[in-house]
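Below is one structure; the comments refer to it alone.
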Amino acid sequence: ARDADGRHTTSPEGPTASPRPYNAELEGQLYSTLSRKPGTSRRVAGWVCAVCRTTPAAVLDHCHEHGYVRAPVCQSCNTQERPDHLYSNDIRVANRYTRLFHTDADHWLRHWHRCPGCRARTTLPLPHLAAWTAHTACRSLRPTHRAPGGRELCGVLRVSWTGSQNAPRSCLLTVAVDFCPSGEHRVLARVPYREAAERFRLWLAETAPAVAAAAGPDRLDGLPAQVRPVIVDTSGEGLALF
């Protein structure tokens with residue numbers, strides 16, 4: 001900026017340069033390490049949100065399952081993709097998932113697979129995979145009821161799980177509807193984690209072929225040597241699914 005005499009001045013808010021597009025500069029870095037580095041917040045603010053590509057970034061979105069940074073995003077996009085937890089293993093599947101898994105699915109899938117752990121395993125973090133299973137794979141099971149002008153979906157969709165992705169043989173997803181007229185809490189399906197992950201892989205190949213083509217266990221070029229799962233497997237089973 002310049003003052004009235006044409007001399008250069010500095011804004012009290014800091015640099016006024018326009019945010020630049022994000023080009024995977026942080027790919028493969030651990031959030032736990034990067035978030036503690038001095039100046040990280042200022043650096044994040046220098047990018048445009050990697051999701052909407054219109055708003056300045058404000059936070060680092062990262063995979064809570066593998067610990068890797070996905071990309072700098074704005075507050076709105078960060079909230080949009082965050083699972084709506086009721087409890088630590090129970091989420092409400094709201095209407096916003098229509099955007100995540102249908103209208104803008106290709107874009108969001110690219111964003112989630114910025115995590116090298118998810119990309120190598122062709123999956124999503126467990127809460128996201130649970131939401132996808134309820135909202136997409138079990139869509140036809142959800143009851144409807146009469147309404148003015150036709151029929152509408154009944155109740156509130158939710159999904160819970162037992163176990164974790166690190167013990168896939170014992171992990172089970174339960175899809176249910178709350179406040180269903182035929183029952184306060186109506187269970188629609190119980191889906192083993194292995195089955196949900198395989199259904200997602202097939203759906204990904206149909207919905208976002210380019211994302212699926214870049215994923216898989218043989219796509220390890222950008223994967224750090226040591227994967228750090230957030231939840232430690234103490235069952236001795238390990239990542240048997242993968």
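FYI, nothing fancy with the structure tokens labels: chains A, B, ... in order, residues from 1 per chain, ligands from 1 as they appear.
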Which of region 5-236 of chain A counts as alpha helix (DSSP H) under DSSP, as a ChimeraX atom specification please? /A:31-34,40-44,75-81,97-98,105-112,116-121,126-132,193-207,209-213
Kindly assemble as a tab-separated table a list of the region 42-117 of chain A residues that lie within 6 Å of region 155-162 of chain A, each paired with its nearest atom pair and their distance in Å to one decimal, using only C-alpha atoms, sorted first by chain and then by ascending residue number.
```
residue	atom	partner	partner_atom	distance
A:Asn89	CA	A:Ser160	CA	5.5
A:Asp90	CA	A:Ser160	CA	4.1
A:Ile91	CA	A:Val159	CA	5.7
A:Arg92	CA	A:Arg158	CA	4.4
A:Val93	CA	A:Arg158	CA	5.2
```
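Nearest residue to Arg70 (chain A) among A:Pro19, A:Pro83, A:Gly28, A:Pro168 is A:Gly28, counting only C-alpha atoms.
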From a backbone DSSP assignment, name each residue in region 42-89 of chain A labelled strand (DSSP E or B), as a ChimeraX atom specification. /A:47-48,56,59-62,68-73,84-87
Serialized selection, N, CA, C and O atoms, as a compact mmCIF listing (two decimals), in the first residue's frame:
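That gives us again_22.txt:
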```txt
# COMPACT_ATOMS: atom_id res chain seq x y z
N TRP A 47 -3.14 -19.42 1.25
CA TRP A 47 -3.74 -20.23 0.20
C TRP A 47 -5.24 -19.96 0.08
O TRP A 47 -5.89 -19.57 1.04
N VAL A 48 -5.77 -20.24 -1.09
CA VAL A 48 -7.22 -20.29 -1.28
C VAL A 48 -7.67 -21.67 -0.82
O VAL A 48 -6.93 -22.66 -0.94
N PRO A 56 -10.50 -17.61 1.10
CA PRO A 56 -9.18 -17.82 1.73
C PRO A 56 -9.24 -18.96 2.75
O PRO A 56 -10.21 -19.11 3.49
N VAL A 59 -7.98 -23.09 8.01
CA VAL A 59 -7.54 -24.22 8.83
C VAL A 59 -6.92 -25.29 7.95
O VAL A 59 -7.10 -25.30 6.74
N LEU A 60 -6.19 -26.20 8.60
CA LEU A 60 -5.65 -27.35 7.89
C LEU A 60 -6.59 -28.53 8.10
O LEU A 60 -6.72 -29.04 9.22
N ASP A 61 -7.25 -28.98 7.05
CA ASP A 61 -8.07 -30.17 7.16
C ASP A 61 -7.13 -31.38 7.14
O ASP A 61 -6.18 -31.43 6.34
N HIS A 62 -7.40 -32.35 8.01
CA HIS A 62 -6.53 -33.51 8.05
C HIS A 62 -7.34 -34.76 8.34
O HIS A 62 -8.46 -34.71 8.83
N TYR A 68 -2.62 -37.57 8.48
CA TYR A 68 -1.99 -36.77 7.43
C TYR A 68 -2.81 -35.53 7.07
O TYR A 68 -4.05 -35.56 7.09
N VAL A 69 -2.12 -34.46 6.72
CA VAL A 69 -2.78 -33.25 6.23
C VAL A 69 -3.41 -33.53 4.88
O VAL A 69 -2.81 -34.20 4.03
N ARG A 70 -4.65 -33.06 4.69
CA ARG A 70 -5.27 -33.13 3.37
C ARG A 70 -4.97 -31.86 2.59
O ARG A 70 -4.37 -31.92 1.52
N ALA A 71 -5.41 -30.72 3.15
CA ALA A 71 -5.22 -29.45 2.45
C ALA A 71 -5.70 -28.31 3.33
O ALA A 71 -6.48 -28.51 4.26
N PRO A 72 -5.27 -27.08 3.04
CA PRO A 72 -5.83 -25.91 3.72
C PRO A 72 -7.23 -25.63 3.18
O PRO A 72 -7.44 -25.65 1.96
N VAL A 73 -8.19 -25.41 4.07
CA VAL A 73 -9.57 -25.17 3.65
C VAL A 73 -10.17 -24.02 4.45
O VAL A 73 -9.64 -23.62 5.50
N ASP A 84 -21.11 -35.57 11.69
CA ASP A 84 -21.93 -35.01 12.76
C ASP A 84 -22.05 -36.03 13.88
O ASP A 84 -23.02 -36.78 13.98
N HIS A 85 -21.04 -36.07 14.75
CA HIS A 85 -20.99 -37.07 15.82
C HIS A 85 -22.04 -36.80 16.89
O HIS A 85 -22.17 -35.68 17.37
N LEU A 86 -22.80 -37.83 17.24
CA LEU A 86 -23.65 -37.79 18.42
C LEU A 86 -22.86 -38.31 19.62
O LEU A 86 -22.94 -37.78 20.72
N TYR A 87 -22.11 -39.39 19.37
CA TYR A 87 -21.19 -39.96 20.35
C TYR A 87 -19.91 -40.28 19.58
O TYR A 87 -19.83 -40.05 18.37
```
With only C-alpha atoms as the counted atoms, please give the residues lying no more than 8 Å from Arg190 (chain A), apart from itself and same-chain residues fewer than 4 positions off, as number ranges by chain. A: 172-175
Nearby residues (only C-alpha atoms) at most 12 Å from region 100-104 of chain A, same-chain spacing under 3 positions excluded, as a ChimeraX atom specification: /A:51-52,77,79-83,93-97,107-112,128-129,131-137,139,200,203-204,207-208
Residue selection dump (N, CA, C and O atoms) as a CSV table (one decimal), in the first residue's frame:
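So the final result, stored in again-v1.csv, reads:
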```
chain,number,residue,atom,x,y,z
A,51,VAL,N,-10.9,-26.7,-1.4
A,51,VAL,CA,-12.2,-27.4,-1.8
A,51,VAL,C,-13.1,-26.5,-2.6
A,51,VAL,O,-13.3,-26.8,-3.8
A,52,CYS,N,-13.5,-25.3,-2.1
A,52,CYS,CA,-14.3,-24.4,-2.9
A,52,CYS,C,-13.6,-23.5,-3.8
A,52,CYS,O,-14.1,-23.0,-4.8
A,77,CYS,N,-16.1,-25.1,4.4
A,77,CYS,CA,-15.8,-26.4,3.8
A,77,CYS,C,-15.3,-27.4,4.9
A,77,CYS,O,-15.7,-28.6,4.9
A,79,THR,N,-16.3,-27.4,8.0
A,79,THR,CA,-17.5,-27.9,8.7
A,79,THR,C,-18.4,-28.8,7.9
A,79,THR,O,-19.0,-29.7,8.4
A,80,GLN,N,-18.4,-28.5,6.6
A,80,GLN,CA,-19.3,-29.3,5.7
A,80,GLN,C,-18.9,-30.7,5.6
A,80,GLN,O,-19.8,-31.6,5.6
A,81,GLU,N,-17.6,-31.0,5.7
A,81,GLU,CA,-17.2,-32.4,5.5
A,81,GLU,C,-17.0,-33.1,6.9
A,81,GLU,O,-16.8,-34.4,6.9
A,82,ARG,N,-17.2,-32.4,8.0
A,82,ARG,CA,-17.0,-33.1,9.3
A,82,ARG,C,-18.2,-33.9,9.6
A,82,ARG,O,-19.3,-33.5,9.6
A,83,PRO,N,-18.0,-35.2,10.0
A,83,PRO,CA,-19.1,-36.0,10.4
A,83,PRO,C,-19.8,-35.4,11.7
A,83,PRO,O,-19.2,-34.8,12.5
A,93,VAL,N,-26.7,-38.7,10.0
A,93,VAL,CA,-26.5,-38.6,8.6
A,93,VAL,C,-27.5,-37.6,8.0
A,93,VAL,O,-28.6,-37.9,7.7
A,94,ALA,N,-27.0,-36.3,8.0
A,94,ALA,CA,-27.9,-35.2,7.6
A,94,ALA,C,-28.0,-35.1,6.1
A,94,ALA,O,-27.3,-35.7,5.3
A,95,ASN,N,-28.8,-34.1,5.7
A,95,ASN,CA,-29.0,-33.9,4.3
A,95,ASN,C,-27.8,-33.4,3.5
A,95,ASN,O,-27.7,-33.5,2.3
A,96,ARG,N,-26.9,-32.8,4.3
A,96,ARG,CA,-25.7,-32.3,3.6
A,96,ARG,C,-24.8,-33.4,3.0
A,96,ARG,O,-24.0,-33.1,2.1
A,97,TYR,N,-25.1,-34.6,3.4
A,97,TYR,CA,-24.3,-35.7,2.8
A,97,TYR,C,-24.7,-35.9,1.3
A,97,TYR,O,-24.0,-36.6,0.6
A,107,HIS,N,-15.6,-34.2,-6.5
A,107,HIS,CA,-14.7,-33.2,-5.9
A,107,HIS,C,-14.3,-33.6,-4.5
A,107,HIS,O,-13.1,-33.5,-4.1
A,108,TRP,N,-15.3,-34.0,-3.6
A,108,TRP,CA,-15.0,-34.4,-2.3
A,108,TRP,C,-14.2,-35.6,-2.1
A,108,TRP,O,-13.3,-35.7,-1.3
A,109,LEU,N,-14.4,-36.6,-3.0
A,109,LEU,CA,-13.6,-37.8,-3.0
A,109,LEU,C,-12.1,-37.5,-3.3
A,109,LEU,O,-11.2,-38.1,-2.7
A,110,ARG,N,-11.9,-36.6,-4.2
A,110,ARG,CA,-10.5,-36.2,-4.5
A,110,ARG,C,-9.9,-35.5,-3.3
A,110,ARG,O,-8.7,-35.8,-3.0
A,111,HIS,N,-10.7,-34.7,-2.6
A,111,HIS,CA,-10.1,-34.1,-1.4
A,111,HIS,C,-9.8,-35.1,-0.3
A,111,HIS,O,-8.7,-35.1,0.3
A,112,TRP,N,-10.7,-36.0,0.0
A,112,TRP,CA,-10.5,-37.0,1.0
A,112,TRP,C,-9.3,-37.9,0.7
A,112,TRP,O,-8.5,-38.3,1.6
A,128,HIS,N,-16.6,-41.4,8.0
A,128,HIS,CA,-17.0,-41.0,6.6
A,128,HIS,C,-17.5,-42.3,5.9
A,128,HIS,O,-18.6,-42.2,5.2
A,129,LEU,N,-16.9,-43.4,6.1
A,129,LEU,CA,-17.3,-44.7,5.4
A,129,LEU,C,-18.7,-45.1,6.0
A,129,LEU,O,-19.5,-45.6,5.3
A,131,ALA,N,-21.0,-43.0,7.2
A,131,ALA,CA,-22.0,-42.1,6.7
A,131,ALA,C,-22.3,-42.5,5.2
A,131,ALA,O,-23.5,-42.5,4.8
A,132,TRP,N,-21.3,-42.9,4.4
A,132,TRP,CA,-21.5,-43.3,3.1
A,132,TRP,C,-22.4,-44.5,3.0
A,132,TRP,O,-23.3,-44.6,2.2
A,133,THR,N,-22.1,-45.5,3.9
A,133,THR,CA,-22.8,-46.7,3.9
A,133,THR,C,-24.3,-46.5,4.2
A,133,THR,O,-25.2,-47.0,3.6
A,134,ALA,N,-24.6,-45.6,5.2
A,134,ALA,CA,-26.0,-45.3,5.5
A,134,ALA,C,-26.6,-44.5,4.4
A,134,ALA,O,-27.8,-44.8,4.0
A,135,HIS,N,-26.0,-43.5,3.9
A,135,HIS,CA,-26.6,-42.6,3.0
A,135,HIS,C,-26.7,-43.1,1.6
A,135,HIS,O,-27.6,-42.8,0.9
A,136,THR,N,-25.7,-43.9,1.2
A,136,THR,CA,-25.7,-44.4,-0.2
A,136,THR,C,-26.0,-45.9,-0.4
A,136,THR,O,-26.9,-46.3,-1.1
A,137,ALA,N,-25.2,-46.7,0.3
A,137,ALA,CA,-25.4,-48.2,0.1
A,137,ALA,C,-26.7,-48.7,0.7
A,137,ALA,O,-27.2,-49.7,0.2
A,139,ARG,N,-29.5,-46.7,0.9
A,139,ARG,CA,-30.5,-45.8,0.6
A,139,ARG,C,-31.9,-46.5,0.3
A,139,ARG,O,-32.9,-46.0,0.8
A,200,PHE,N,-17.7,-49.7,-1.0
A,200,PHE,CA,-17.2,-48.3,-1.4
A,200,PHE,C,-16.3,-48.4,-2.5
A,200,PHE,O,-16.3,-47.5,-3.4
A,203,TRP,N,-18.2,-48.7,-5.7
A,203,TRP,CA,-18.9,-47.4,-6.0
A,203,TRP,C,-18.0,-46.3,-6.4
A,203,TRP,O,-18.3,-45.5,-7.3
A,204,LEU,N,-16.8,-46.3,-5.8
A,204,LEU,CA,-15.8,-45.3,-6.2
A,204,LEU,C,-15.4,-45.4,-7.7
A,204,LEU,O,-15.2,-44.4,-8.4
A,207,THR,N,-18.3,-44.0,-9.7
A,207,THR,CA,-18.6,-42.6,-9.5
A,207,THR,C,-17.5,-41.7,-9.8
A,207,THR,O,-17.7,-40.6,-10.4
A,208,ALA,N,-16.2,-42.0,-9.5
A,208,ALA,CA,-15.1,-41.2,-9.7
A,208,ALA,C,-13.9,-42.0,-10.2
A,208,ALA,O,-13.0,-42.3,-9.5
```
